[in-house]
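Q: For reference, this is final_30.pdb, and it has PDB, C-alpha atoms.
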```
ATOM      1  CA  MET K  19     -43.050 -52.776  14.617
ATOM      2  CA  SER K  20     -43.424 -52.510  18.406
ATOM      3  CA  VAL K  21     -45.967 -50.150  19.962
ATOM      4  CA  GLU K  22     -43.096 -47.935  21.110
ATOM      5  CA  GLU K  23     -41.642 -47.723  17.608
ATOM      6  CA  THR K  24     -45.049 -46.959  16.143
ATOM      7  CA  VAL K  25     -45.754 -44.270  18.729
ATOM      8  CA  ARG K  26     -42.319 -42.756  18.120
ATOM      9  CA  GLU K  27     -43.030 -42.623  14.389
ATOM     10  CA  ILE K  28     -46.458 -41.006  14.924
ATOM     11  CA  VAL K  29     -45.293 -38.472  17.530
ATOM     12  CA  THR K  30     -42.179 -37.344  15.681
ATOM     13  CA  ARG K  31     -44.069 -37.102  12.391
ATOM     14  CA  ILE K  32     -46.799 -34.916  13.860
ATOM     15  CA  VAL K  33     -44.541 -32.629  15.931
ATOM     16  CA  ARG K  34     -41.988 -32.617  13.094
ATOM     17  CA  ARG K  35     -39.003 -33.475  15.278
ATOM     18  CA  PRO K  36     -36.237 -36.038  14.605
ATOM     19  CA  ALA K  37     -36.809 -39.524  16.034
ATOM     20  CA  GLU K  38     -33.671 -39.190  18.185
ATOM     21  CA  GLU K  39     -35.451 -36.602  20.339
ATOM     22  CA  PHE K  40     -38.042 -39.185  21.357
ATOM     23  CA  GLY K  41     -36.939 -40.883  24.573
ATOM     24  CA  ARG K  42     -38.773 -42.949  27.157
ATOM     25  CA  GLU K  43     -38.629 -40.060  29.632
ATOM     26  CA  THR K  44     -39.449 -37.394  27.054
ATOM     27  CA  THR K  45     -42.686 -35.490  27.683
ATOM     28  CA  PHE K  46     -45.099 -34.043  25.143
ATOM     29  CA  LYS K  47     -43.897 -30.627  26.304
ATOM     30  CA  ASP K  48     -40.250 -31.622  25.653
ATOM     31  CA  MET K  49     -41.319 -32.578  22.131
ATOM     32  CA  GLY K  50     -42.857 -29.134  21.651
ATOM     33  CA  ALA K  51     -46.340 -30.631  21.249
ATOM     34  CA  ASP K  52     -49.256 -28.224  21.669
ATOM     35  CA  SER K  53     -52.883 -29.192  22.232
ATOM     36  CA  LEU K  54     -53.533 -29.488  18.493
ATOM     37  CA  ASP K  55     -50.544 -31.840  18.089
ATOM     38  CA  ILE K  56     -51.796 -33.962  20.965
ATOM     39  CA  VAL K  57     -55.287 -34.312  19.464
ATOM     40  CA  GLN K  58     -53.736 -35.405  16.169
ATOM     41  CA  ILE K  59     -51.371 -37.842  17.903
ATOM     42  CA  LEU K  60     -54.225 -39.409  19.876
ATOM     43  CA  SER K  61     -56.375 -39.677  16.763
ATOM     44  CA  ALA K  62     -53.553 -41.313  14.788
ATOM     45  CA  VAL K  63     -52.874 -43.831  17.570
ATOM     46  CA  GLU K  64     -56.593 -44.632  17.836
ATOM     47  CA  ASP K  65     -56.788 -45.207  14.087
ATOM     48  CA  LYS K  66     -53.689 -47.393  14.102
ATOM     49  CA  TYR K  67     -54.863 -49.739  16.864
ATOM     50  CA  ASP K  68     -58.659 -49.318  16.674
ATOM     51  CA  ILE K  69     -58.823 -48.243  20.311
ATOM     52  CA  GLU K  70     -60.307 -45.286  22.178
ATOM     53  CA  LEU K  71     -57.987 -43.295  24.407
ATOM     54  CA  ASP K  72     -59.477 -41.629  27.472
ATOM     55  CA  ASP K  73     -58.346 -37.994  27.699
ATOM     56  CA  GLU K  74     -58.846 -37.904  31.468
ATOM     57  CA  ALA K  75     -56.697 -40.996  32.022
ATOM     58  CA  LEU K  76     -54.042 -39.494  29.765
ATOM     59  CA  ALA K  77     -53.755 -36.491  32.090
ATOM     60  CA  ASP K  78     -51.853 -38.795  34.488
ATOM     61  CA  VAL K  79     -49.374 -39.888  31.824
ATOM     62  CA  LYS K  80     -46.014 -38.306  32.554
ATOM     63  CA  ASP K  81     -43.774 -39.292  29.660
ATOM     64  CA  MET K  82     -43.539 -41.357  26.470
ATOM     65  CA  ALA K  83     -42.898 -44.558  28.445
ATOM     66  CA  GLY K  84     -46.168 -43.933  30.305
ATOM     67  CA  PHE K  85     -47.956 -43.099  27.053
ATOM     68  CA  VAL K  86     -46.740 -46.309  25.408
ATOM     69  CA  ALA K  87     -47.697 -48.363  28.488
ATOM     70  CA  TYR K  88     -51.193 -46.820  28.493
ATOM     71  CA  ILE K  89     -51.650 -47.635  24.798
ATOM     72  CA  GLU K  90     -50.435 -51.212  25.325
ATOM     73  CA  ARG K  91     -52.967 -51.603  28.137
ATOM     74  CA  LYS K  92     -55.754 -50.306  25.903
ATOM     75  CA  ILE K  93     -54.726 -52.665  23.082
ATOM     76  CA  SER K  94     -54.819 -55.659  25.411
ATOM     77  CA  GLU K  95     -58.218 -54.584  26.836
ATOM     78  CA  ASN K  96     -59.468 -54.444  23.272
ATOM     79  CA  GLY K  97     -58.366 -58.050  22.762
ATOM     80  CA  ASN K  98     -55.923 -57.253  19.945
TER      81      ASN K  98
ATOM     82  CA  MET R  88     -91.773 -41.322   7.904
ATOM     83  CA  LEU R  89     -90.895 -38.665   5.367
ATOM     84  CA  PHE R  90     -87.345 -39.937   4.896
ATOM     85  CA  LYS R  91     -88.022 -43.682   4.782
ATOM     86  CA  GLY R  92     -85.608 -45.266   2.315
ATOM     87  CA  LYS R  93     -83.337 -42.205   2.334
ATOM     88  CA  ILE R  94     -79.670 -42.483   3.269
ATOM     89  CA  ALA R  95     -78.160 -39.645   5.266
ATOM     90  CA  LEU R  96     -74.586 -38.877   6.295
ATOM     91  CA  VAL R  97     -74.138 -36.644   9.343
ATOM     92  CA  THR R  98     -70.535 -35.614   9.952
ATOM     93  CA  GLY R  99     -69.790 -35.237  13.642
ATOM     94  CA  GLY R 100     -73.131 -36.946  14.111
ATOM     95  CA  SER R 101     -72.639 -38.730  17.425
ATOM     96  CA  ARG R 102     -72.706 -35.806  19.868
ATOM     97  CA  GLY R 103     -74.301 -32.423  20.477
ATOM     98  CA  VAL R 104     -76.060 -30.793  17.548
ATOM     99  CA  GLY R 105     -74.944 -33.620  15.232
ATOM    100  CA  LYS R 106     -76.593 -36.212  17.460
ATOM    101  CA  ALA R 107     -79.849 -34.228  17.517
ATOM    102  CA  ILE R 108     -79.776 -34.118  13.701
ATOM    103  CA  SER R 109     -78.987 -37.841  13.399
ATOM    104  CA  THR R 110     -81.813 -38.588  15.804
ATOM    105  CA  LYS R 111     -84.313 -36.368  13.962
ATOM    106  CA  LEU R 112     -83.493 -37.906  10.579
ATOM    107  CA  ALA R 113     -83.791 -41.398  12.073
ATOM    108  CA  ASP R 114     -87.118 -40.442  13.669
ATOM    109  CA  MET R 115     -88.274 -39.521  10.186
ATOM    110  CA  GLY R 116     -87.195 -42.898   8.809
ATOM    111  CA  ALA R 117     -83.777 -42.250   7.272
ATOM    112  CA  ASP R 118     -80.917 -44.701   7.498
ATOM    113  CA  VAL R 119     -78.081 -42.735   9.077
ATOM    114  CA  ILE R 120     -74.345 -42.875   8.562
ATOM    115  CA  ILE R 121     -72.634 -41.208  11.494
ATOM    116  CA  ASN R 122     -69.102 -39.924  11.049
ATOM    117  CA  TYR R 123     -67.176 -39.341  14.287
ATOM    118  CA  PHE R 124     -63.651 -38.264  15.107
ATOM    119  CA  ARG R 125     -62.464 -39.859  18.359
ATOM    120  CA  LYS R 126     -65.188 -40.951  20.789
ATOM    121  CA  LYS R 127     -65.970 -44.462  19.615
ATOM    122  CA  SER R 128     -67.876 -45.391  22.772
ATOM    123  CA  THR R 129     -70.130 -42.316  22.421
ATOM    124  CA  ALA R 130     -70.702 -43.087  18.747
ATOM    125  CA  LYS R 131     -71.678 -46.664  19.596
ATOM    126  CA  GLU R 132     -74.143 -45.448  22.232
ATOM    127  CA  THR R 133     -75.751 -43.055  19.747
ATOM    128  CA  ALA R 134     -75.929 -45.808  17.119
ATOM    129  CA  ALA R 135     -77.641 -48.156  19.592
ATOM    130  CA  GLU R 136     -80.216 -45.462  20.435
ATOM    131  CA  LEU R 137     -80.986 -44.822  16.776
ATOM    132  CA  GLU R 138     -81.199 -48.491  15.827
ATOM    133  CA  LYS R 139     -84.085 -48.860  18.263
ATOM    134  CA  LYS R 140     -86.064 -46.651  15.884
ATOM    135  CA  GLY R 141     -85.843 -49.403  13.260
ATOM    136  CA  VAL R 142     -83.387 -47.688  10.923
ATOM    137  CA  ARG R 143     -79.969 -48.810   9.749
ATOM    138  CA  VAL R 144     -77.075 -46.983  11.412
ATOM    139  CA  HIS R 145     -73.499 -47.142  10.168
ATOM    140  CA  LEU R 146     -70.520 -45.614  12.024
ATOM    141  CA  ILE R 147     -67.422 -44.288  10.277
ATOM    142  CA  LYS R 148     -64.428 -42.930  12.184
ATOM    143  CA  ALA R 149     -62.613 -40.276  10.180
ATOM    144  CA  ASN R 150     -60.540 -37.186  10.831
ATOM    145  CA  LEU R 151     -62.045 -34.747   8.340
ATOM    146  CA  ALA R 152     -58.921 -32.571   8.417
ATOM    147  CA  GLU R 153     -57.319 -35.243   6.208
ATOM    148  CA  ALA R 154     -58.497 -35.421   2.605
ATOM    149  CA  ASP R 155     -57.510 -39.080   2.202
ATOM    150  CA  LYS R 156     -59.658 -40.013   5.225
ATOM    151  CA  ILE R 157     -62.611 -38.297   3.536
ATOM    152  CA  ASP R 158     -61.885 -40.327   0.378
ATOM    153  CA  ASP R 159     -61.890 -43.517   2.467
ATOM    154  CA  MET R 160     -65.148 -42.544   4.182
ATOM    155  CA  PHE R 161     -66.979 -42.089   0.882
ATOM    156  CA  ASP R 162     -65.457 -45.277  -0.552
ATOM    157  CA  GLU R 163     -66.985 -47.062   2.433
ATOM    158  CA  ILE R 164     -70.358 -45.359   1.920
ATOM    159  CA  GLU R 165     -70.386 -46.368  -1.742
ATOM    160  CA  ARG R 166     -69.468 -49.943  -0.821
ATOM    161  CA  GLU R 167     -72.063 -50.210   1.954
ATOM    162  CA  PHE R 168     -74.958 -48.209   0.506
ATOM    163  CA  GLY R 169     -74.198 -47.469  -3.150
ATOM    164  CA  ARG R 170     -75.737 -44.005  -2.935
ATOM    165  CA  LEU R 171     -76.516 -41.042  -0.691
ATOM    166  CA  ASP R 172     -79.558 -38.744  -0.410
ATOM    167  CA  ILE R 173     -78.727 -36.347   2.420
ATOM    168  CA  LEU R 174     -75.417 -34.858   3.581
ATOM    169  CA  ILE R 175     -75.217 -32.812   6.779
ATOM    170  CA  ASN R 176     -71.844 -31.075   7.094
ATOM    171  CA  ASN R 177     -71.959 -30.621  10.847
ATOM    172  CA  ALA R 178     -68.483 -31.607  12.114
ATOM    173  CA  ALA R 179     -66.524 -28.672  13.443
ATOM    174  CA  SER R 180     -63.347 -28.030  15.353
ATOM    175  CA  GLY R 181     -61.163 -25.065  16.010
ATOM    176  CA  VAL R 182     -58.311 -23.413  17.789
ATOM    177  CA  ALA R 183     -59.580 -20.815  20.272
ATOM    178  CA  ARG R 184     -57.182 -17.884  20.173
ATOM    179  CA  PRO R 185     -57.304 -14.162  19.441
ATOM    180  CA  ALA R 186     -56.300 -13.260  15.879
ATOM    181  CA  LEU R 187     -52.903 -11.928  16.899
ATOM    182  CA  GLU R 188     -52.009 -15.182  18.644
ATOM    183  CA  LEU R 189     -53.174 -17.565  15.912
ATOM    184  CA  ASP R 190     -50.469 -19.604  14.221
ATOM    185  CA  ASP R 191     -50.640 -21.101  10.762
ATOM    186  CA  ARG R 192     -51.237 -24.651  11.970
ATOM    187  CA  GLY R 193     -54.186 -23.664  14.151
ATOM    188  CA  TRP R 194     -55.617 -21.663  11.259
ATOM    189  CA  ASP R 195     -55.136 -24.526   8.793
ATOM    190  CA  TRP R 196     -56.638 -27.118  11.138
ATOM    191  CA  THR R 197     -59.740 -25.011  11.709
ATOM    192  CA  MET R 198     -60.187 -24.168   8.035
ATOM    193  CA  ASP R 199     -59.543 -27.779   6.995
ATOM    194  CA  VAL R 200     -62.223 -29.243   9.267
ATOM    195  CA  ASN R 201     -64.826 -26.477   9.067
ATOM    196  CA  ALA R 202     -64.534 -25.332   5.453
ATOM    197  CA  LYS R 203     -62.358 -27.545   3.236
ATOM    198  CA  ALA R 204     -64.006 -30.758   4.459
ATOM    199  CA  VAL R 205     -67.394 -29.270   3.520
ATOM    200  CA  LEU R 206     -66.172 -28.819  -0.041
ATOM    201  CA  LEU R 207     -64.602 -32.281  -0.266
ATOM    202  CA  CYS R 208     -67.585 -34.067   1.316
ATOM    203  CA  SER R 209     -69.984 -32.208  -0.990
ATOM    204  CA  GLN R 210     -67.916 -33.160  -4.066
ATOM    205  CA  HIS R 211     -67.992 -36.822  -3.053
ATOM    206  CA  ALA R 212     -71.682 -36.656  -2.125
ATOM    207  CA  ALA R 213     -72.598 -35.184  -5.522
ATOM    208  CA  LYS R 214     -71.314 -38.367  -7.179
ATOM    209  CA  LEU R 215     -73.438 -40.549  -4.888
ATOM    210  CA  MET R 216     -76.600 -38.423  -5.086
ATOM    211  CA  LYS R 217     -77.740 -40.102  -8.250
ATOM    212  CA  ASP R 218     -81.376 -39.042  -7.832
ATOM    213  CA  GLY R 219     -80.598 -35.570  -6.508
ATOM    214  CA  GLY R 220     -80.249 -34.769  -2.845
ATOM    215  CA  LYS R 221     -80.030 -32.314  -0.003
ATOM    216  CA  ILE R 222     -76.959 -30.811   1.597
ATOM    217  CA  VAL R 223     -77.193 -28.776   4.787
ATOM    218  CA  ASN R 224     -74.121 -27.103   6.283
ATOM    219  CA  ILE R 225     -74.038 -26.089   9.931
ATOM    220  CA  SER R 226     -72.698 -22.615  10.651
ATOM    221  CA  SER R 227     -72.689 -20.228  13.583
ATOM    222  CA  LEU R 228     -73.235 -16.546  14.247
ATOM    223  CA  GLY R 229     -69.464 -16.220  14.650
ATOM    224  CA  SER R 230     -69.317 -15.813  10.869
ATOM    225  CA  ARG R 231     -70.874 -12.356  11.208
ATOM    226  CA  MET R 232     -70.532 -11.395  14.888
ATOM    227  CA  VAL R 233     -67.261 -11.176  16.798
ATOM    228  CA  MET R 234     -66.922 -13.445  19.836
ATOM    229  CA  PRO R 235     -63.903 -13.820  22.125
ATOM    230  CA  VAL R 236     -61.125 -16.081  20.743
ATOM    231  CA  TYR R 237     -63.483 -17.320  18.028
ATOM    232  CA  THR R 238     -61.456 -15.813  15.163
ATOM    233  CA  ALA R 239     -60.445 -18.936  13.279
ATOM    234  CA  VAL R 240     -63.797 -20.646  13.699
ATOM    235  CA  GLY R 241     -65.732 -17.488  12.801
ATOM    236  CA  VAL R 242     -63.730 -17.015   9.599
ATOM    237  CA  SER R 243     -64.069 -20.697   8.713
ATOM    238  CA  LYS R 244     -67.844 -20.406   9.130
ATOM    239  CA  ALA R 245     -67.876 -17.345   6.860
ATOM    240  CA  ALA R 246     -66.092 -19.501   4.274
ATOM    241  CA  LEU R 247     -68.646 -22.278   4.816
ATOM    242  CA  GLU R 248     -71.505 -19.843   4.241
ATOM    243  CA  ALA R 249     -69.999 -18.461   1.029
ATOM    244  CA  LEU R 250     -69.317 -22.011  -0.133
ATOM    245  CA  THR R 251     -72.948 -22.895   0.583
ATOM    246  CA  LYS R 252     -74.061 -20.283  -1.950
ATOM    247  CA  TYR R 253     -71.603 -21.383  -4.648
ATOM    248  CA  LEU R 254     -72.465 -25.050  -4.176
ATOM    249  CA  ALA R 255     -76.194 -24.276  -4.279
ATOM    250  CA  ILE R 256     -75.877 -22.700  -7.710
ATOM    251  CA  GLU R 257     -73.378 -25.157  -9.154
ATOM    252  CA  MET R 258     -75.242 -28.234  -7.877
ATOM    253  CA  ALA R 259     -78.752 -27.065  -8.775
ATOM    254  CA  ASP R 260     -78.517 -28.778 -12.184
ATOM    255  CA  LEU R 261     -77.821 -32.058 -10.400
ATOM    256  CA  GLY R 262     -81.055 -31.768  -8.438
ATOM    257  CA  ILE R 263     -79.173 -31.072  -5.241
ATOM    258  CA  SER R 264     -80.311 -28.354  -2.815
ATOM    259  CA  VAL R 265     -77.641 -26.753  -0.648
ATOM    260  CA  ASN R 266     -78.367 -24.525   2.348
ATOM    261  CA  ALA R 267     -76.913 -23.717   5.748
ATOM    262  CA  VAL R 268     -78.302 -23.358   9.244
ATOM    263  CA  SER R 269     -76.585 -20.821  11.465
ATOM    264  CA  ALA R 270     -77.086 -20.924  15.196
ATOM    265  CA  SER R 271     -76.217 -18.732  18.132
ATOM    266  CA  ALA R 272     -74.705 -20.437  21.186
ATOM    267  CA  VAL R 273     -76.274 -23.879  21.519
ATOM    268  CA  LEU R 274     -76.250 -25.622  24.866
ATOM    269  CA  THR R 275     -73.886 -28.563  24.218
ATOM    270  CA  GLU R 276     -70.744 -30.031  25.760
ATOM    271  CA  ALA R 277     -68.711 -28.098  23.173
ATOM    272  CA  LEU R 278     -70.086 -24.804  24.485
ATOM    273  CA  LYS R 279     -69.213 -25.726  28.065
ATOM    274  CA  ILE R 280     -65.638 -26.552  27.028
ATOM    275  CA  TYR R 281     -65.357 -23.292  25.059
ATOM    276  CA  THR R 282     -66.667 -21.101  27.877
ATOM    277  CA  SER R 283     -64.712 -22.744  30.687
ATOM    278  CA  ALA R 284     -61.430 -22.787  28.735
ATOM    279  CA  GLN R 285     -61.780 -19.092  27.994
ATOM    280  CA  GLY R 286     -62.946 -18.113  31.459
ATOM    281  CA  LEU R 287     -66.086 -16.620  29.982
ATOM    282  CA  GLY R 288     -68.225 -17.772  32.869
ATOM    283  CA  ASP R 289     -71.909 -17.682  32.229
ATOM    284  CA  SER R 290     -71.847 -14.633  29.938
ATOM    285  CA  VAL R 291     -72.369 -16.781  26.864
ATOM    286  CA  TYR R 292     -75.340 -18.565  28.414
ATOM    287  CA  GLN R 293     -77.682 -15.824  27.322
ATOM    288  CA  THR R 294     -81.284 -16.401  26.644
ATOM    289  CA  THR R 295     -82.858 -14.713  23.652
ATOM    290  CA  PRO R 296     -85.868 -12.565  22.797
ATOM    291  CA  ALA R 297     -87.581 -15.941  22.361
ATOM    292  CA  GLY R 298     -87.012 -16.538  26.063
ATOM    293  CA  ARG R 299     -84.498 -19.394  26.178
ATOM    294  CA  MET R 300     -81.278 -20.700  24.690
ATOM    295  CA  VAL R 301     -81.200 -22.495  21.355
ATOM    296  CA  THR R 302     -81.253 -26.277  21.767
ATOM    297  CA  PRO R 303     -79.754 -28.913  19.448
ATOM    298  CA  GLU R 304     -83.325 -29.973  18.647
ATOM    299  CA  ASP R 305     -84.146 -26.452  17.400
ATOM    300  CA  ILE R 306     -81.353 -26.839  14.849
ATOM    301  CA  ALA R 307     -82.361 -30.401  13.950
ATOM    302  CA  ASN R 308     -85.947 -29.325  13.194
ATOM    303  CA  VAL R 309     -84.801 -26.743  10.648
ATOM    304  CA  VAL R 310     -82.296 -29.143   9.131
ATOM    305  CA  ALA R 311     -85.070 -31.713   8.669
ATOM    306  CA  PHE R 312     -87.225 -29.096   6.923
ATOM    307  CA  LEU R 313     -84.330 -28.241   4.593
ATOM    308  CA  CYS R 314     -83.988 -31.961   3.813
ATOM    309  CA  SER R 315     -87.645 -32.181   2.804
ATOM    310  CA  GLU R 316     -89.267 -31.321  -0.520
ATOM    311  CA  GLN R 317     -91.230 -28.563   1.235
ATOM    312  CA  SER R 318     -88.042 -26.493   1.098
ATOM    313  CA  TYR R 319     -87.519 -27.130  -2.629
ATOM    314  CA  MET R 320     -87.314 -23.444  -3.570
ATOM    315  CA  ILE R 321     -84.889 -22.518  -0.777
ATOM    316  CA  ARG R 322     -81.381 -22.566  -2.271
ATOM    317  CA  GLY R 323     -78.063 -21.178  -1.070
ATOM    318  CA  GLN R 324     -79.600 -19.618   2.034
ATOM    319  CA  ILE R 325     -78.231 -19.260   5.533
ATOM    320  CA  ILE R 326     -81.160 -19.841   7.889
ATOM    321  CA  VAL R 327     -80.478 -18.263  11.273
ATOM    322  CA  VAL R 328     -81.829 -20.101  14.331
ATOM    323  CA  ASP R 329     -81.141 -17.874  17.315
ATOM    324  CA  GLY R 330     -84.422 -16.935  18.964
ATOM    325  CA  GLY R 331     -84.049 -13.428  17.571
ATOM    326  CA  TYR R 332     -80.723 -12.802  19.286
ATOM    327  CA  SER R 333     -78.809 -11.468  16.287
ATOM    328  CA  VAL R 334     -81.475  -8.985  15.236
ATOM    329  CA  SER R 335     -82.254  -7.704  18.702
ATOM    330  CA  PRO R 336     -79.397  -8.173  21.160
ATOM    331  CA  GLU R 337     -80.627  -5.257  23.271
ATOM    332  CA  SER R 338     -83.928  -6.925  23.980
ATOM    333  CA  ALA R 339     -82.108  -9.873  25.520
ATOM    334  CA  ILE R 340     -80.187  -7.514  27.797
ATOM    335  CA  LYS R 341     -83.294  -5.566  28.789
ATOM    336  CA  LYS R 342     -84.972  -8.776  29.815
ATOM    337  CA  GLY R 343     -82.195  -9.101  32.378
ATOM    338  CA  ASN R 344     -80.784 -12.199  30.793
TER     339      ASN R 344
END
```
Hey, can you dump this file as structure tokens for me?
A:
Amino acid sequence: MSVEETVREIVTRIVRRPAEEFGRETTFKDMGADSLDIVQILSAVEDKYDIELDDEALADVKDMAGFVAYIERKISENGN
Amino acid sequence: MLFKGKIALVTGGSRGVGKAISTKLADMGADVIINYFRKKSTAKETAAELEKKGVRVHLIKANLAEADKIDDMFDEIEREFGRLDILINNAASGVARPALELDDRGWDWTMDVNAKAVLLCSQHAAKLMKDGGKIVNISSLGSRMVMPVYTAVGVSKAALEALTKYLAIEMADLGISVNAVSASAVLTEALKIYTSAQGLGDSVYQTTPAGRMVTPEDIANVVAFLCSEQSYMIRGQIIVVDGGYSVSPESAIKKGN
């Protein structure tokens, strides 16, 4: 499964929305995610890829495409 | 080295009060298992600091809101160590909202991490405490005093305190002591986040009749005592560490704090 597919599965599971609502330009706000959802999403992604996501860097992430790109960068930094 | 040869698990043990407790137990010779939620780099830094004291340190990442992650954590402890002597239920989280604005998910999350995880971790620990043991739960004055937007956390801490008493009685036959330490506002990163997010300014940074704020080390010292045999006859108690704040709030105000 690609990183994007995995992130889609995690995000839609936690915010309890259908996968079709997850688009590359979708924002966390569009998905109805509150701060508690976001903490759980970040934790699930970290567990999945054994990486640490930086909350401050994530503040600059605009949409799901940006989120996926940030995760991919972290995975490659981690040498996975 | 009172705790040499002992194995301790500190949930949320890499930062703030949890780090002070991990450090104190390591200073006293215990091997320390540190559970953390998200900040791997911080956990690694804490582990490196503690290892310099000559003890074994083991990190476990786990979201304690999820029961299966708690199962996995204790499976790992059993695999790595085979037993446990000390459990410090310190990890805490919470949704900061007034009661009338709390939703069910925020309530559940807070109760899951702060109360249910204490039960589940204690159940697992009981099986690994083959020669008896010590459990100390970390509470806060929000269980008995009302603080702004602290509803869910305060109620979860009240549950933790009641659970402490039940566990103390039910686990006494197993040779396990269970107590809690309750603190007023402790100067940690978590407090800064809480006060700034709620626009509380410096009002929470009150000193006490004892003349200063409670530090993480103040809590760690009492926890260490409760983990020692000197506290053998203390069971199911909530030890308040607040510099006298809760029994004499007026005196703090009169001092101009």
Q: When the PyMOL selection byres ((chain K) within 9 of (chain R)) is applied to the structure above, which residues does it catch, written out as a PDB file with C-alpha atoms, keeping the file's coordinate frame?
A:
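Produced file result.pdb, reproduced below:
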```pdb
ATOM      1  CA  LEU K  54     -53.533 -29.488  18.493  1.00  0.00           C
ATOM      2  CA  GLN K  58     -53.736 -35.405  16.169  1.00  0.00           C
ATOM      3  CA  LEU K  60     -54.225 -39.409  19.876  1.00  0.00           C
ATOM      4  CA  SER K  61     -56.375 -39.677  16.763  1.00  0.00           C
ATOM      5  CA  GLU K  64     -56.593 -44.632  17.836  1.00  0.00           C
ATOM      6  CA  ASP K  65     -56.788 -45.207  14.087  1.00  0.00           C
ATOM      7  CA  ILE K  69     -58.823 -48.243  20.311  1.00  0.00           C
ATOM      8  CA  GLU K  70     -60.307 -45.286  22.178  1.00  0.00           C
ATOM      9  CA  LEU K  71     -57.987 -43.295  24.407  1.00  0.00           C
ATOM     10  CA  ASP K  72     -59.477 -41.629  27.472  1.00  0.00           C
TER      11      ASP K  72
END
```
Q: Mind telling me what the PyMOL selection byres ((chain R and resi 203) around 9) catches here, as an NGL selection string?
A: :R and (151-152 or 154 or 198-202 or 204-208 or 243 or 246-247)
Q: Given the PyMOL selection byres ((chain R and resi 318-324) around 9) and the file above, list the residues it selects as a short mmCIF file (atom, residue, chain, number, x, y, z; two decimals) with C-alpha atoms, in the coordinates of the input.
A:
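The result, written out as result_23.cif:
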```
data_model
loop_
_atom_site.label_atom_id
_atom_site.label_comp_id
_atom_site.auth_asym_id
_atom_site.auth_seq_id
_atom_site.Cartn_x
_atom_site.Cartn_y
_atom_site.Cartn_z
CA GLU R 248 -71.50 -19.84 4.24
CA ALA R 249 -70.00 -18.46 1.03
CA LEU R 250 -69.32 -22.01 -0.13
CA THR R 251 -72.95 -22.90 0.58
CA LYS R 252 -74.06 -20.28 -1.95
CA TYR R 253 -71.60 -21.38 -4.65
CA LEU R 254 -72.46 -25.05 -4.18
CA ALA R 255 -76.19 -24.28 -4.28
CA ILE R 256 -75.88 -22.70 -7.71
CA ALA R 259 -78.75 -27.06 -8.78
CA SER R 264 -80.31 -28.35 -2.82
CA VAL R 265 -77.64 -26.75 -0.65
CA ASN R 266 -78.37 -24.52 2.35
CA ALA R 267 -76.91 -23.72 5.75
CA VAL R 268 -78.30 -23.36 9.24
CA PHE R 312 -87.22 -29.10 6.92
CA LEU R 313 -84.33 -28.24 4.59
CA CYS R 314 -83.99 -31.96 3.81
CA SER R 315 -87.64 -32.18 2.80
CA GLU R 316 -89.27 -31.32 -0.52
CA GLN R 317 -91.23 -28.56 1.24
CA ILE R 325 -78.23 -19.26 5.53
CA ILE R 326 -81.16 -19.84 7.89
#
```
Q: List as a PDB file with C-alpha atoms, keeping the file's coordinate frame the protein and nucleic acid residues near Val144 in chain R, meaning an atom at most 10 Å away when only C-alpha atoms are counted, but skip any in the same chain fewer than 2 places from it.
A:
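Saved as around28.pdb:
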```
ATOM      1  CA  ILE R  94     -79.670 -42.483   3.269  1.00  0.00           C
ATOM      2  CA  ALA R  95     -78.160 -39.645   5.266  1.00  0.00           C
ATOM      3  CA  LEU R  96     -74.586 -38.877   6.295  1.00  0.00           C
ATOM      4  CA  SER R 109     -78.987 -37.841  13.399  1.00  0.00           C
ATOM      5  CA  ALA R 113     -83.791 -41.398  12.073  1.00  0.00           C
ATOM      6  CA  ALA R 117     -83.777 -42.250   7.272  1.00  0.00           C
ATOM      7  CA  ASP R 118     -80.917 -44.701   7.498  1.00  0.00           C
ATOM      8  CA  VAL R 119     -78.081 -42.735   9.077  1.00  0.00           C
ATOM      9  CA  ILE R 120     -74.345 -42.875   8.562  1.00  0.00           C
ATOM     10  CA  ILE R 121     -72.634 -41.208  11.494  1.00  0.00           C
ATOM     11  CA  LYS R 131     -71.678 -46.664  19.596  1.00  0.00           C
ATOM     12  CA  THR R 133     -75.751 -43.055  19.747  1.00  0.00           C
ATOM     13  CA  ALA R 134     -75.929 -45.808  17.119  1.00  0.00           C
ATOM     14  CA  ALA R 135     -77.641 -48.156  19.592  1.00  0.00           C
ATOM     15  CA  GLU R 136     -80.216 -45.462  20.435  1.00  0.00           C
ATOM     16  CA  LEU R 137     -80.986 -44.822  16.776  1.00  0.00           C
ATOM     17  CA  GLU R 138     -81.199 -48.491  15.827  1.00  0.00           C
ATOM     18  CA  LYS R 139     -84.085 -48.860  18.263  1.00  0.00           C
ATOM     19  CA  GLY R 141     -85.843 -49.403  13.260  1.00  0.00           C
ATOM     20  CA  VAL R 142     -83.387 -47.688  10.923  1.00  0.00           C
ATOM     21  CA  LEU R 146     -70.520 -45.614  12.024  1.00  0.00           C
TER      22      LEU R 146
END
```
Q: One decimal, in Å: what's the spacing between CA of Lys93 in chain R and CA of Gly220 in chain R?
A: 9.6 Å
Q: Tell me which residues come within 12 Å of (-45.4, -45.2, 12.5), as an MDAnalysis selection string, counting all atoms listed in the file in the file's coordinates.
A: chainID K and resid 19:32 37 59 62:63 65:67
Q: Counting all atoms listed in the file, find the residues whose atoms lie at most 12 Å from (-71.9, -26.3, 13.2) (file coordinates) and write them out as JSON, numbers by chain.
A: {"R": [97, 98, 99, 100, 102, 103, 104, 105, 106, 108, 175, 176, 177, 178, 179, 180, 181, 200, 201, 202, 205, 223, 224, 225, 226, 227, 228, 229, 230, 240, 241, 243, 244, 245, 247, 248, 267, 268, 269, 270, 271, 272, 273, 275, 277, 278, 303, 306, 307, 310, 327, 328]}
Q: Can you measure CA of Thr110 in chain R to CA of Asp305 in chain R for me? One decimal in Å is fine.
A: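 Between CA of Thr110 in chain R and CA of Asp305 in chain R the gap works out to 12.5 Å.
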